[in-house]
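Right, one structure below, let's go through it.
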Amino acid sequence: MKARVHISYKNGVLDPQGRAIGQTLGNLGFAGVGEVRQGKLIEIELAETDAGAARQAVEAMCQRLLANTVIENYSIELVD
Amino acid sequence: MKARVHISYKNGVLDPQGRAIGQTLGNLGFAGVGEVRQGKLIEIELAETDAGAARQAVEAMCQRLLANTVIENYSIELVD
Amino acid sequence: MSSREEQAVLRNEPNVTAETVAEHGLSEAEYRIILNLLGREPNLTELGIFSVMWSEHCSYKSSKIWLKTLPTEAAWVICGPGENAGVVDIGEGLAAIFKMESHNHPSFIEPYQGAATGVGGILRDVFTMGARPIANLNALRFGAPEDAKTRHLVAGVVAGIGGYGNCVGVPTVGGEVNFHAAYNGNILVNAMTVGLAEADKIFYSAAAGIGNPVVYVGSKTGRDGIHGATMASAEFDDDSEEKRPTVQVGDPFTEKLLIEACLELMATDAIVAIQDMGAAGLTCSSVEMADKGGVGIDLDIDAVPQREDGMTPYEVMLSESQERMLMVLRPGSEGTARAIFEKWQLDFAIVGRITETGRFTGRLDGEVVFDIPVRPLVEESPEYDRPWTAVEAPAELAPITAPMPHLEALQTLLGCPDLASRRWIWEQYDHMVMADTARRPGGDAALVRIHGSGRGLAIATDCTPRYCRAEPRRGGAQAVAEVWRNLTATGARPLAITDCLNFGNPERPEIMGQFVGCIQGMGEACAALDFPVVSGNVSLYNETNGQAILPTPAIGGIGLLDDLRRAADLALAAADEVLILIGGDDDGAGGHLGQSLYLRELLGREDGPPPAVDLAAERQNGDFVRGLIADGTVRTCHDLADGGLLVAAAEMALAGGIGAALDGPEGAGWWFGEDQGRYLLAAPPAVGEDILARAKAEGIAASAIGRTGGDALTLNGGAPISLATLRQAHEGWLPAYMSGP
Amino acid sequence: MKTSVIVFPGSNCDRDVKVALEQSTGGPVDMVWHGDSELPAADLIVLPGGFSYGDYLRCGAMAAHSPVMREVVARAEDGVPVLGICNGFQMLVETGLVPGALLPNAGLKFVCRDVHLRVETSQSLFTNGYESGQVLRIPVAHHDGQYFADGDTLERLQDGGQIAFRYTAGETPGPANPNGSTDDIAGVYNDRKTVLGLMPHPERAADPQHGGNDGRALFDGLVTALS
Ligand SMILES: Nc1ncnc2c1ncn2[C@@H]1O[C@H](COP(=O)(O)OP(=O)(O)O)[C@@H](O)[C@H]1O
Ligand SMILES: [Mg+2]
């Protein structure tokens with residue numbers, strides 16, 4: 001089983017990366033570009049085959065390591 | 001319309017961040033963790049409403065700026 | 001104010017209740033003062049403004065009466081405490097501008113961003129005054145290495161400091177790090193910046209010129225960090241997780257642009273006054289500018305660049321979004337200013353005017369949403385003479401028995417958390433950008449060349465918290481003296497200091513006693529060493545569940561070197577030189593072990609009195625050593641501090657890759673005592689004779705204690721310990737610790 | 001000899017390299033703002049170190065795609081020598097002026113310290129001030145300096161003599177290769193050897209007060225070759 005964890009800044013937290021990318025796209029002449037946000041996508045291969053147990057484990061990984069819940073949100077998607 | 005661009009290292013390019021995350025998860029006592037890869041997820045708000053045109057524009061953004069195709073793959077997903 | 005406007009003020013926002021007052025950290029007595037000076041109830045925005053302005057962080061209400069006792073003047077001081085940073089004259093038309101500031105609480109909650117934004121904040125304090133920042137330092141205190149959180153905090157804080165400073169392009173050249181269980185729940189992250197400006201082009205914050213535009217530049221305002229200033233003034237408890245969203249994300253790239261844009265504008269004559277937005281953001285910066293200039297400010301809240309929709313005036317006024325500045329411009333120069341900020345792709349907005357009303361007012365859609373008289377807001381802020389009890393002097397230390405041979409003890413000490421090499425840290429900091437770093441980290445003080453000249457600034461930070469806890473007054477004096485000694489050991493002439501006073505809850509008399517004692521000691525040392533305080537910062541309530549940190553008055557000092565080629569270095573440079581100890585011991589008993597690292601690391605004890613601080617001897621010995629360096633007699637010099645004589649000798653040997661044979665009494669006190677005011681010099685034998693003779697003539701204690709050479713250390717001809725073994729202990733600990741689970 | 005240093009938002013070694021160039025060329029150095037439409041005539045173009053655009057997407061990526069770089073690429077194709085240091089090297093790989101890519105350091109940390117470099121050949125505009133095989137001591141300061149190229153590219157680089165510098169063992173503490181670069185590669189040329197990208201900072205070792213002077217001969221050598 002594989003988990004995809006998407007980590008992004010919480011709403012209201014400044015995202016300087018996203019801002020700079022947006023500005024550069026504008027400088028390069030791309031029109032109609034609104035807000036740009038940059039996040040992380042972490043893909044994890046898991047030996048676990050039970051979806052419930054897998055989600056629980058990945059949830060714990062997010063809380064303990066992957067996300068900093070002070071400023072970041074995360075969402076988990078299980079594949080296969 | 002919103003585009004989500006997922007950028008990840010090509011196979012064969014070492015992903016030290018992913019490896020370090022995997023190792024730390026192991027140290028923290030998470031069992032059964034296989035390969036871990038870390039990529040970027042860039043979300044872009046677009047004024048464009050036509051899906052075909054939007055995809056074409058984002059494709060160009062990836063080629064010109066968002067991804068370095070020497071080492072990275074990208075995939076584009078349109079939302080709404 | 002017309003009655004219609006007053007109605008608007010009152011209609012504006014939810015009612016203020018006893019709970020809202022308490023939530024804002026204001027006491028009932030403080031609220032009564034507010035009612036009095038407004039002559040009515042405040043609305044929520046006004047309450048928020050009072051609460052941040054009267055927080056400990058902004059008003060210094062517990063510390064003010066003591067801070068006033070510190071010496072702040074000298075012939076070379078251009079601007080002492082009260083502005084964004086202190087300014088000293090360094091000759092040739094130049095001034096050094098510097099300050100240190102804490103970012104303790106945010107760094108505990110989010111170590112990377114907390115530390116990063118701490119660096120950003122202190123940089124702004126310095127370039128606000130017209131200086132180009134040329135060096136960053138950081139004084140860090142972490143919990144015990146065994147504590148579950150410590151490793152993660154060290155990793156995050158160091159990465160955050162590097163991440164910000166490296167990107168901004170200001171070298172991080174030095175600092176200090178301690179580990180102690182007293183910081184387990186409350187780490188200290190103190191950041192210092194030094195900048196250079198032309199002495200006749202310093203920018204101040206006093207607003208002037210009725211009708212002049214008030215301009216906002218930098219990043220947009222978001223909802224981040226609201227209540228940051230009150231958080232920094234509140235004790236931690238276990239639900240501090242709840243306060244999390246108040247941590248900000250730093251944007252060093254924008255800061256870099258802001259530095260360049262501000263310096264570019266400062267080269268014109270457009271700026272009347274300028275102030276960075278730090279704690280309490282737009283509120284604090286506006287009020288301070290207005291108060292210093294004796295004028296009013298009227299803000300148009302709609303004009304403030306905002307990152308999010310629907311922000312209330314309360315949020316706009318209290319946001320602590322980073323990388324923002326406020327300035328008052330000369331009329332007619334708006335166009336020039338706008339062009340510069342737009343060139344750097346930064347926000348630029350005229351957000352208000354200077355008024356003659358003496359009031360701080362804000363409008364939304366033309367309606368007045370707050371209206372507070374400036375003077376009372378600043379001057380009637382509470383000021384407390386908090387009760388304090390003097391710390392009881394510790395009992396004398398009974399004689400101790402050495403638990404192991406001295407060279408083994410040395411090996412243990414060199415690899416202990418407080419003495420192990422900090423290479424793992426400073427290699428993550430770009431300490432060479434700007435290409436003026438004349439001495440890499442690892443010496444007594446960092447040396448930074450004054451660009452385009454042969455002169456340099458020496459910079460160091462120091463504090464020994466365990467001394468401060470045992471005897472605050474000595475500890476305060478020792479911290480100042482150690483900085484002075486570290487600067488002197490390079491040959492520099494010490495000029496002035498900044499401080500960052502980190503303590504627990506001042507409402508507890510024993511904590512207030514620590515604070516008072518440290519200030520008294522600092523003041524005595526500053527006066528005796530002609531080493532005034534020109535800027536500083538106070539961080540109180542550093543406690544978790546009632547457990548206070550060690551009293552930690554971190555001191556950052558700067559000194560001037562007229563010729564960098566003459567600077568002394570601690571690395572032994574040649575074999576067959578004599579090692580000369582300058583300075584005597586504390587009480588003639590052969591070395592002071594009370595509160596020493598030897599006692600703590602080898603015997604597991606933290607007791608006894610700290611070493612005495614004889615300021616006259618400190619000055620005499622230091623002036624003597626500086627003279628020897630200045631006239632070219634001495635090139636190799638190290639001051640003695642943590643770990644005493646043997647640790648100092650080993651550090652010199654390791655830095656130079658040359659060993660030494662040392663002679664002296666058997667007792668541990670001689671080798672590991674931490675008596676103050678001492679230096680270790682190395683010189684060719686004939687020069688050594690000359691130094692001893694000159695010392696004798698001046699009545700300074702000096703003795704030859706050994707000879708350099710080989711690749712090991714020996715004591716009194718006993719079995720050697722190789723430099724390789726010592727190096728392994730010294731260099732190995734931190735990387736090994738950090739690679740742990 | 002006329003040199004231009006391109007200044008991007010976030011460049012922070014622009015002044016450092018200017019000082020080193022002035023010392024060697026004796027002449028003025030044009031500091032060209034990235035937004036200027038005109039690139040002055042130059043015998044050498046330098047892309048300095050720093051964090052252009054914050055390096056927020058990929059190091060050097062946003063700078064590489066800025067308008068001024070189109071002109072720099074055109075000049076390089078005409079044979080004007082281009083030197084990219086650190087962030088400048090990252091821009092060069094992003095534009096494709098030199099092959100390969102630069103990944104985050106294998107240790108995942110910023111690294112600032114002296115390293116030792118072997119000069120692979122003295123036969124270039126940039127290295128004629130050195131001997132082939134000479135070992136230099138020069139600082140690095142970067143977070144993303146791990147040179148990567150696929151097998152074919154590496155072979156081409158090797159065969160074409162396009163590897164300029166390799167990390168090599170010396171007396172400084174820490175591993176010889178500070179970032180995990182493939183084949184210890186610290187700097188590479190384009191196929192004509194008119195463009196050089198390198199991670200170490202020769203401008204930080206160009207004056208005895210820097211604690212090392214091994215970088216100076218690179219700038220002096222350029223003057224010899226170009227004037
Ligand atoms: N946090 C830090 N950042 C950068 N350099 C540091 C840090 N902590 C310590 N150092 C450097 O390590 C060296 C030793 O520090 P320290 O033991 O505090 O010196 P001293 O005993 O002379 O005051 C100094 O050069 C100091 O600048
Ligand atoms: Mg010292």
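Chain labels follow the order of the structure tokens: the first chain is A, the next B, and so on; residue numbering restarts at 1 in every chain, and ligands are counted from 1 in their shown order.
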**Message:** Show me, as a list in words, the residues of chain A whose atoms get within 9 Å of chain D, using only C-alpha atoms for the distance check.
**Reply:** Pro16, Gln17, Gly18, Ala20, Ile21, Thr24, Leu25, Asn27, Leu28 and Gln38 of chain A
Kindly provide, as an mmCIF file with N, CA, C and O atoms, in the first residue's frame, all nucleotide and amino acid residues lying within 7 Å of ligand 1, counting only C-alpha atoms and all ligand atoms.
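Once written, out_6.cif looks like this:
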```
data_model
loop_
_atom_site.group_PDB
_atom_site.id
_atom_site.type_symbol
_atom_site.label_atom_id
_atom_site.label_comp_id
_atom_site.auth_asym_id
_atom_site.auth_seq_id
_atom_site.Cartn_x
_atom_site.Cartn_y
_atom_site.Cartn_z
ATOM 1 N N LEU C 137 25.307 37.288 15.162
ATOM 2 C CA LEU C 137 25.753 36.322 16.168
ATOM 3 C C LEU C 137 24.506 35.766 16.852
ATOM 4 O O LEU C 137 23.422 36.337 16.730
ATOM 5 N N ASN C 138 24.695 34.659 17.564
ATOM 6 C CA ASN C 138 23.543 34.107 18.263
ATOM 7 C C ASN C 138 23.970 33.436 19.550
ATOM 8 O O ASN C 138 24.933 32.689 19.598
ATOM 9 N N ALA C 139 23.238 33.742 20.628
ATOM 10 C CA ALA C 139 23.500 33.154 21.939
ATOM 11 C C ALA C 139 22.340 32.216 22.234
ATOM 12 O O ALA C 139 21.195 32.656 22.322
ATOM 13 N N LEU C 140 22.661 30.927 22.335
ATOM 14 C CA LEU C 140 21.613 29.906 22.417
ATOM 15 C C LEU C 140 21.721 29.123 23.709
ATOM 16 O O LEU C 140 22.825 28.794 24.159
ATOM 17 N N THR C 172 27.071 34.978 9.586
ATOM 18 C CA THR C 172 26.862 34.649 11.004
ATOM 19 C C THR C 172 28.222 34.209 11.534
ATOM 20 O O THR C 172 28.724 33.152 11.172
ATOM 21 N N VAL C 173 28.814 35.050 12.352
ATOM 22 C CA VAL C 173 30.242 34.877 12.653
ATOM 23 C C VAL C 173 30.540 34.351 14.049
ATOM 24 O O VAL C 173 31.693 34.041 14.352
ATOM 25 N N GLY C 174 29.555 34.258 14.905
ATOM 26 C CA GLY C 174 29.872 33.775 16.245
ATOM 27 C C GLY C 174 28.649 33.648 17.114
ATOM 28 O O GLY C 174 27.518 33.853 16.677
ATOM 29 N N GLY C 175 28.926 33.293 18.363
ATOM 30 C CA GLY C 175 27.838 33.117 19.306
ATOM 31 C C GLY C 175 28.265 32.231 20.441
ATOM 32 O O GLY C 175 29.454 32.052 20.681
ATOM 33 N N GLU C 176 27.305 31.681 21.133
ATOM 34 C CA GLU C 176 27.608 30.750 22.218
ATOM 35 C C GLU C 176 26.428 29.814 22.395
ATOM 36 O O GLU C 176 25.306 30.126 21.993
ATOM 37 N N VAL C 177 26.720 28.648 22.966
ATOM 38 C CA VAL C 177 25.690 27.643 23.176
ATOM 39 C C VAL C 177 25.898 26.992 24.534
ATOM 40 O O VAL C 177 27.023 26.602 24.862
ATOM 41 N N LEU C 419 31.434 22.492 26.307
ATOM 42 C CA LEU C 419 32.758 22.868 25.786
ATOM 43 C C LEU C 419 33.084 22.244 24.439
ATOM 44 O O LEU C 419 34.045 22.640 23.790
ATOM 45 N N SER C 421 33.323 21.325 20.559
ATOM 46 C CA SER C 421 33.397 22.224 19.406
ATOM 47 C C SER C 421 32.016 22.488 18.812
ATOM 48 O O SER C 421 31.189 21.589 18.708
ATOM 49 N N ARG C 422 31.799 23.701 18.408
ATOM 50 C CA ARG C 422 30.534 24.108 17.779
ATOM 51 C C ARG C 422 30.626 24.078 16.256
ATOM 52 O O ARG C 422 29.787 24.678 15.564
ATOM 53 N N ILE C 425 27.654 23.495 14.172
ATOM 54 C CA ILE C 425 26.742 24.642 14.067
ATOM 55 C C ILE C 425 27.261 25.660 13.062
ATOM 56 O O ILE C 425 26.576 26.019 12.098
ATOM 57 N N TRP C 426 28.480 26.111 13.255
ATOM 58 C CA TRP C 426 28.891 27.252 12.424
ATOM 59 C C TRP C 426 29.119 26.865 10.969
ATOM 60 O O TRP C 426 29.071 27.722 10.104
ATOM 61 N N PRO C 441 34.871 31.489 12.811
ATOM 62 C CA PRO C 441 34.420 31.111 14.156
ATOM 63 C C PRO C 441 35.409 30.144 14.813
ATOM 64 O O PRO C 441 36.139 29.438 14.131
ATOM 65 N N GLY C 442 35.389 30.131 16.127
ATOM 66 C CA GLY C 442 36.270 29.237 16.866
ATOM 67 C C GLY C 442 37.270 29.974 17.728
ATOM 68 O O GLY C 442 37.898 29.391 18.601
ATOM 69 N N GLY C 443 37.427 31.278 17.511
ATOM 70 C CA GLY C 443 38.354 32.066 18.322
ATOM 71 C C GLY C 443 37.622 32.739 19.473
ATOM 72 O O GLY C 443 36.456 32.446 19.745
ATOM 73 N N ASP C 444 38.302 33.653 20.150
ATOM 74 C CA ASP C 444 37.685 34.320 21.290
ATOM 75 C C ASP C 444 36.612 35.303 20.844
ATOM 76 O O ASP C 444 35.598 35.467 21.501
ATOM 77 N N ALA C 445 36.866 35.983 19.763
ATOM 78 C CA ALA C 445 35.866 36.906 19.223
ATOM 79 C C ALA C 445 35.946 36.812 17.709
ATOM 80 O O ALA C 445 36.985 36.482 17.149
ATOM 81 N N ALA C 446 34.826 37.085 17.058
ATOM 82 C CA ALA C 446 34.840 37.141 15.602
ATOM 83 C C ALA C 446 35.505 38.454 15.192
ATOM 84 O O ALA C 446 35.361 39.467 15.872
ATOM 85 N N ALA C 460 31.791 39.622 20.215
ATOM 86 C CA ALA C 460 31.623 38.389 20.988
ATOM 87 C C ALA C 460 30.352 38.459 21.816
ATOM 88 O O ALA C 460 29.853 39.545 22.127
ATOM 89 N N THR C 461 29.816 37.293 22.167
ATOM 90 C CA THR C 461 28.709 37.238 23.121
ATOM 91 C C THR C 461 29.098 36.295 24.252
ATOM 92 O O THR C 461 29.771 35.295 24.017
ATOM 93 N N ASP C 462 28.693 36.607 25.457
ATOM 94 C CA ASP C 462 29.009 35.761 26.602
ATOM 95 C C ASP C 462 28.019 35.911 27.728
ATOM 96 O O ASP C 462 27.423 36.978 27.915
ATOM 97 N N ASN C 486 37.199 38.685 26.034
ATOM 98 C CA ASN C 486 37.270 38.022 24.728
ATOM 99 C C ASN C 486 37.655 38.999 23.624
ATOM 100 O O ASN C 486 38.400 38.653 22.707
ATOM 101 N N ASP C 639 41.908 33.951 26.154
ATOM 102 C CA ASP C 639 41.482 34.247 27.518
ATOM 103 C C ASP C 639 41.058 32.958 28.205
ATOM 104 O O ASP C 639 40.754 31.962 27.558
ATOM 105 N N ALA C 641 38.402 30.932 30.539
ATOM 106 C CA ALA C 641 37.004 31.011 30.965
ATOM 107 C C ALA C 641 36.572 29.619 31.405
ATOM 108 O O ALA C 641 37.287 28.982 32.175
ATOM 109 N N ASP C 642 35.442 29.135 30.878
ATOM 110 C CA ASP C 642 34.941 27.808 31.220
ATOM 111 C C ASP C 642 36.041 26.757 31.150
ATOM 112 O O ASP C 642 36.703 26.623 30.129
#
```
**Request:** May I have the residues of chain B within 7 Å of chain A, counting only C-alpha atoms, written as a ChimeraX atom specification?
**Result:** /B:32-48
For the residues selected in the previous step, produce a file with all heavy atoms as a compact mmCIF listing (two decimals), in the first residue's frame.
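Contents of result.txt, as written:
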```txt
# COMPACT_ATOMS: atom_id res chain seq x y z
N GLY B 32 7.62 -1.30 8.84
CA GLY B 32 7.06 -1.58 7.51
C GLY B 32 7.06 -0.39 6.58
O GLY B 32 6.27 -0.32 5.65
N VAL B 33 7.97 0.56 6.80
CA VAL B 33 8.06 1.70 5.90
C VAL B 33 9.07 1.39 4.80
O VAL B 33 10.23 1.09 5.08
CB VAL B 33 8.48 2.98 6.65
CG1 VAL B 33 8.70 4.13 5.68
CG2 VAL B 33 7.45 3.34 7.70
N GLY B 34 8.60 1.38 3.56
CA GLY B 34 9.50 1.12 2.44
C GLY B 34 10.07 2.43 1.93
O GLY B 34 10.42 3.31 2.70
N GLU B 35 10.14 2.56 0.59
CA GLU B 35 10.74 3.76 0.03
C GLU B 35 9.88 4.99 0.31
O GLU B 35 8.65 4.93 0.27
CB GLU B 35 10.89 3.59 -1.49
CG GLU B 35 11.90 4.58 -2.03
CD GLU B 35 12.00 4.57 -3.55
OE1 GLU B 35 11.14 3.98 -4.21
OE2 GLU B 35 12.96 5.19 -4.05
N VAL B 36 10.56 6.10 0.60
CA VAL B 36 9.86 7.38 0.78
C VAL B 36 10.43 8.37 -0.23
O VAL B 36 11.64 8.45 -0.42
CB VAL B 36 10.08 7.93 2.21
CG1 VAL B 36 9.39 9.28 2.38
CG2 VAL B 36 9.57 6.94 3.26
N ARG B 37 9.56 9.08 -0.92
CA ARG B 37 10.01 10.11 -1.88
C ARG B 37 9.35 11.43 -1.52
O ARG B 37 8.18 11.45 -1.15
CB ARG B 37 9.61 9.75 -3.32
CG ARG B 37 9.90 8.35 -3.78
CD ARG B 37 11.25 8.13 -4.41
NE ARG B 37 11.56 8.93 -5.59
CZ ARG B 37 12.79 8.99 -6.11
NH1 ARG B 37 13.80 8.33 -5.55
NH2 ARG B 37 13.03 9.71 -7.18
N GLN B 38 10.13 12.48 -1.64
CA GLN B 38 9.52 13.79 -1.39
C GLN B 38 9.49 14.61 -2.66
O GLN B 38 10.50 14.76 -3.34
CB GLN B 38 10.30 14.54 -0.30
CG GLN B 38 9.71 15.94 -0.09
CD GLN B 38 10.31 16.67 1.10
OE1 GLN B 38 10.62 16.08 2.12
NE2 GLN B 38 10.47 17.98 0.96
N GLY B 39 8.35 15.13 -2.96
CA GLY B 39 8.21 15.98 -4.14
C GLY B 39 7.54 17.28 -3.78
O GLY B 39 7.27 17.56 -2.61
N LYS B 40 7.31 18.10 -4.80
CA LYS B 40 6.66 19.39 -4.57
C LYS B 40 5.27 19.36 -5.15
O LYS B 40 5.03 18.70 -6.16
CB LYS B 40 7.44 20.49 -5.31
CG LYS B 40 8.67 20.93 -4.57
CD LYS B 40 9.37 22.01 -5.38
CE LYS B 40 10.67 21.45 -5.88
NZ LYS B 40 11.59 22.38 -6.46
N LEU B 41 4.38 20.08 -4.54
CA LEU B 41 3.05 20.25 -5.09
C LEU B 41 2.79 21.75 -5.20
O LEU B 41 2.79 22.45 -4.19
CB LEU B 41 2.02 19.60 -4.19
CG LEU B 41 0.65 19.49 -4.85
CD1 LEU B 41 0.65 18.36 -5.87
CD2 LEU B 41 -0.41 19.18 -3.81
N ILE B 42 2.64 22.23 -6.42
CA ILE B 42 2.43 23.66 -6.61
C ILE B 42 1.00 23.86 -7.08
O ILE B 42 0.55 23.23 -8.04
CB ILE B 42 3.44 24.22 -7.64
CG1 ILE B 42 4.86 23.97 -7.12
CG2 ILE B 42 3.20 25.70 -7.90
CD1 ILE B 42 5.94 24.37 -8.09
N GLU B 43 0.28 24.71 -6.37
CA GLU B 43 -1.11 24.97 -6.72
C GLU B 43 -1.22 26.38 -7.29
O GLU B 43 -0.74 27.33 -6.68
CB GLU B 43 -2.00 24.83 -5.49
CG GLU B 43 -1.96 23.40 -4.95
CD GLU B 43 -2.71 23.26 -3.64
OE1 GLU B 43 -2.28 23.84 -2.63
OE2 GLU B 43 -3.74 22.55 -3.63
N ILE B 44 -1.83 26.47 -8.44
CA ILE B 44 -1.88 27.75 -9.15
C ILE B 44 -3.33 28.12 -9.49
O ILE B 44 -4.02 27.34 -10.14
CB ILE B 44 -1.07 27.67 -10.48
CG1 ILE B 44 0.34 27.15 -10.20
CG2 ILE B 44 -1.03 29.02 -11.19
CD1 ILE B 44 1.14 26.84 -11.46
N GLU B 45 -3.74 29.29 -9.06
CA GLU B 45 -5.06 29.82 -9.46
C GLU B 45 -4.92 30.44 -10.84
O GLU B 45 -4.01 31.24 -11.08
CB GLU B 45 -5.51 30.95 -8.52
CG GLU B 45 -5.60 30.60 -7.06
CD GLU B 45 -6.98 30.09 -6.69
OE1 GLU B 45 -7.81 29.91 -7.62
OE2 GLU B 45 -7.23 29.87 -5.49
N LEU B 46 -5.84 30.08 -11.72
CA LEU B 46 -5.75 30.61 -13.09
C LEU B 46 -7.03 31.34 -13.46
O LEU B 46 -8.13 30.88 -13.11
CB LEU B 46 -5.55 29.45 -14.07
CG LEU B 46 -4.25 28.66 -13.93
CD1 LEU B 46 -4.34 27.37 -14.73
CD2 LEU B 46 -3.08 29.52 -14.40
N ALA B 47 -6.87 32.42 -14.19
CA ALA B 47 -8.05 33.14 -14.68
C ALA B 47 -8.70 32.36 -15.81
O ALA B 47 -9.91 32.42 -16.01
CB ALA B 47 -7.64 34.54 -15.15
N GLU B 48 -7.90 31.62 -16.52
CA GLU B 48 -8.36 30.84 -17.67
C GLU B 48 -9.51 29.90 -17.28
O GLU B 48 -9.44 29.27 -16.23
CB GLU B 48 -7.16 30.01 -18.19
CG GLU B 48 -7.41 29.19 -19.44
CD GLU B 48 -7.84 30.04 -20.62
OE1 GLU B 48 -7.04 30.87 -21.07
OE2 GLU B 48 -9.02 29.90 -21.05
```
**Prompt:** Pick from B:Cys62, B:Gln23, B:Asp50, B:Leu78: nearest to chain C, with only C-alpha atoms counted?
**Reply:** B:Gln23
**Request:** Give the residues of chain C that lie within 12 Å of chain B; count only C-alpha atoms, and format the answer as an NGL selection string.
**Result:** :C and (152 or 739-741)
**Asked** In Å to one decimal, how far is atom CA of His24 of chain C from atom CA of Val368 of chain C?
**Response** 22.2 Å
**Message:** Using only C-alpha atoms and a distance of at most 8 Å, pull out the residues of chain D that contact chain C, as a PyMOL selection string.
**Reply:** chain D and resi 9-10+12-13+15-16+50-51+53-54+109-113+141+203-204+209-211
I need the chosen residues saved as a short mmCIF file (atom, residue, chain, number, x, y, z; two decimals), in the first residue's frame, with N, CA, C and O atoms.
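Result file is part-v3.cif:
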```
data_model
loop_
_atom_site.label_atom_id
_atom_site.label_comp_id
_atom_site.auth_asym_id
_atom_site.auth_seq_id
_atom_site.Cartn_x
_atom_site.Cartn_y
_atom_site.Cartn_z
N PRO D 9 17.78 40.02 -7.91
CA PRO D 9 17.23 40.21 -6.57
C PRO D 9 17.61 38.98 -5.74
O PRO D 9 17.32 37.86 -6.14
N GLY D 10 18.31 39.21 -4.63
CA GLY D 10 18.74 38.09 -3.79
C GLY D 10 20.18 37.67 -4.01
O GLY D 10 20.70 36.85 -3.27
N ASN D 12 23.95 37.84 -3.35
CA ASN D 12 24.63 38.45 -2.21
C ASN D 12 26.14 38.31 -2.23
O ASN D 12 26.82 38.70 -1.28
N CYS D 13 26.69 37.75 -3.31
CA CYS D 13 28.14 37.73 -3.43
C CYS D 13 28.57 38.64 -4.57
O CYS D 13 29.69 38.54 -5.07
N ARG D 15 29.02 41.95 -4.61
CA ARG D 15 30.09 42.88 -4.23
C ARG D 15 31.41 42.13 -4.03
O ARG D 15 32.47 42.62 -4.41
N ASP D 16 31.33 40.93 -3.45
CA ASP D 16 32.54 40.17 -3.16
C ASP D 16 33.31 39.87 -4.45
O ASP D 16 34.53 40.02 -4.53
N GLY D 50 24.66 33.70 -4.18
CA GLY D 50 23.57 34.29 -3.41
C GLY D 50 22.35 33.41 -3.43
O GLY D 50 22.45 32.19 -3.64
N PHE D 51 21.20 34.03 -3.24
CA PHE D 51 19.93 33.31 -3.25
C PHE D 51 19.00 34.09 -4.16
O PHE D 51 18.08 34.77 -3.69
N TYR D 53 16.10 35.36 -6.13
CA TYR D 53 14.66 35.13 -5.94
C TYR D 53 14.41 34.21 -4.74
O TYR D 53 13.43 33.48 -4.69
N GLY D 54 15.33 34.27 -3.77
CA GLY D 54 15.18 33.44 -2.58
C GLY D 54 15.49 31.97 -2.84
O GLY D 54 15.47 31.17 -1.92
N LYS D 109 22.18 19.59 4.72
CA LYS D 109 22.43 20.81 5.50
C LYS D 109 23.26 21.78 4.66
O LYS D 109 24.02 21.37 3.78
N PHE D 110 23.11 23.05 4.97
CA PHE D 110 23.99 24.06 4.39
C PHE D 110 25.40 23.74 4.86
O PHE D 110 25.61 23.36 6.00
N VAL D 111 26.38 23.91 3.97
CA VAL D 111 27.75 23.67 4.41
C VAL D 111 28.65 24.84 4.00
O VAL D 111 28.71 25.24 2.85
N CYS D 112 29.30 25.41 5.01
CA CYS D 112 30.21 26.53 4.79
C CYS D 112 31.54 26.17 5.42
O CYS D 112 31.66 26.11 6.66
N ARG D 113 32.54 25.88 4.60
CA ARG D 113 33.87 25.57 5.12
C ARG D 113 34.86 25.51 3.96
O ARG D 113 34.46 25.52 2.80
N ALA D 141 30.03 27.37 0.30
CA ALA D 141 28.94 27.82 1.16
C ALA D 141 27.64 27.64 0.37
O ALA D 141 27.25 28.51 -0.40
N GLU D 203 36.32 33.96 -4.92
CA GLU D 203 36.39 35.36 -4.47
C GLU D 203 36.51 35.45 -2.95
O GLU D 203 36.78 36.51 -2.42
N ARG D 204 36.26 34.36 -2.25
CA ARG D 204 36.43 34.38 -0.80
C ARG D 204 37.80 33.89 -0.39
O ARG D 204 38.07 33.67 0.80
N GLN D 209 43.95 38.30 3.83
CA GLN D 209 43.10 38.49 4.99
C GLN D 209 41.92 37.50 5.03
O GLN D 209 41.32 37.28 6.06
N HIS D 210 41.63 36.88 3.88
CA HIS D 210 40.57 35.87 3.86
C HIS D 210 41.01 34.58 4.53
O HIS D 210 40.22 33.66 4.66
N GLY D 211 42.29 34.49 4.89
CA GLY D 211 42.78 33.25 5.45
C GLY D 211 43.13 32.26 4.35
O GLY D 211 43.19 31.06 4.57
#
```
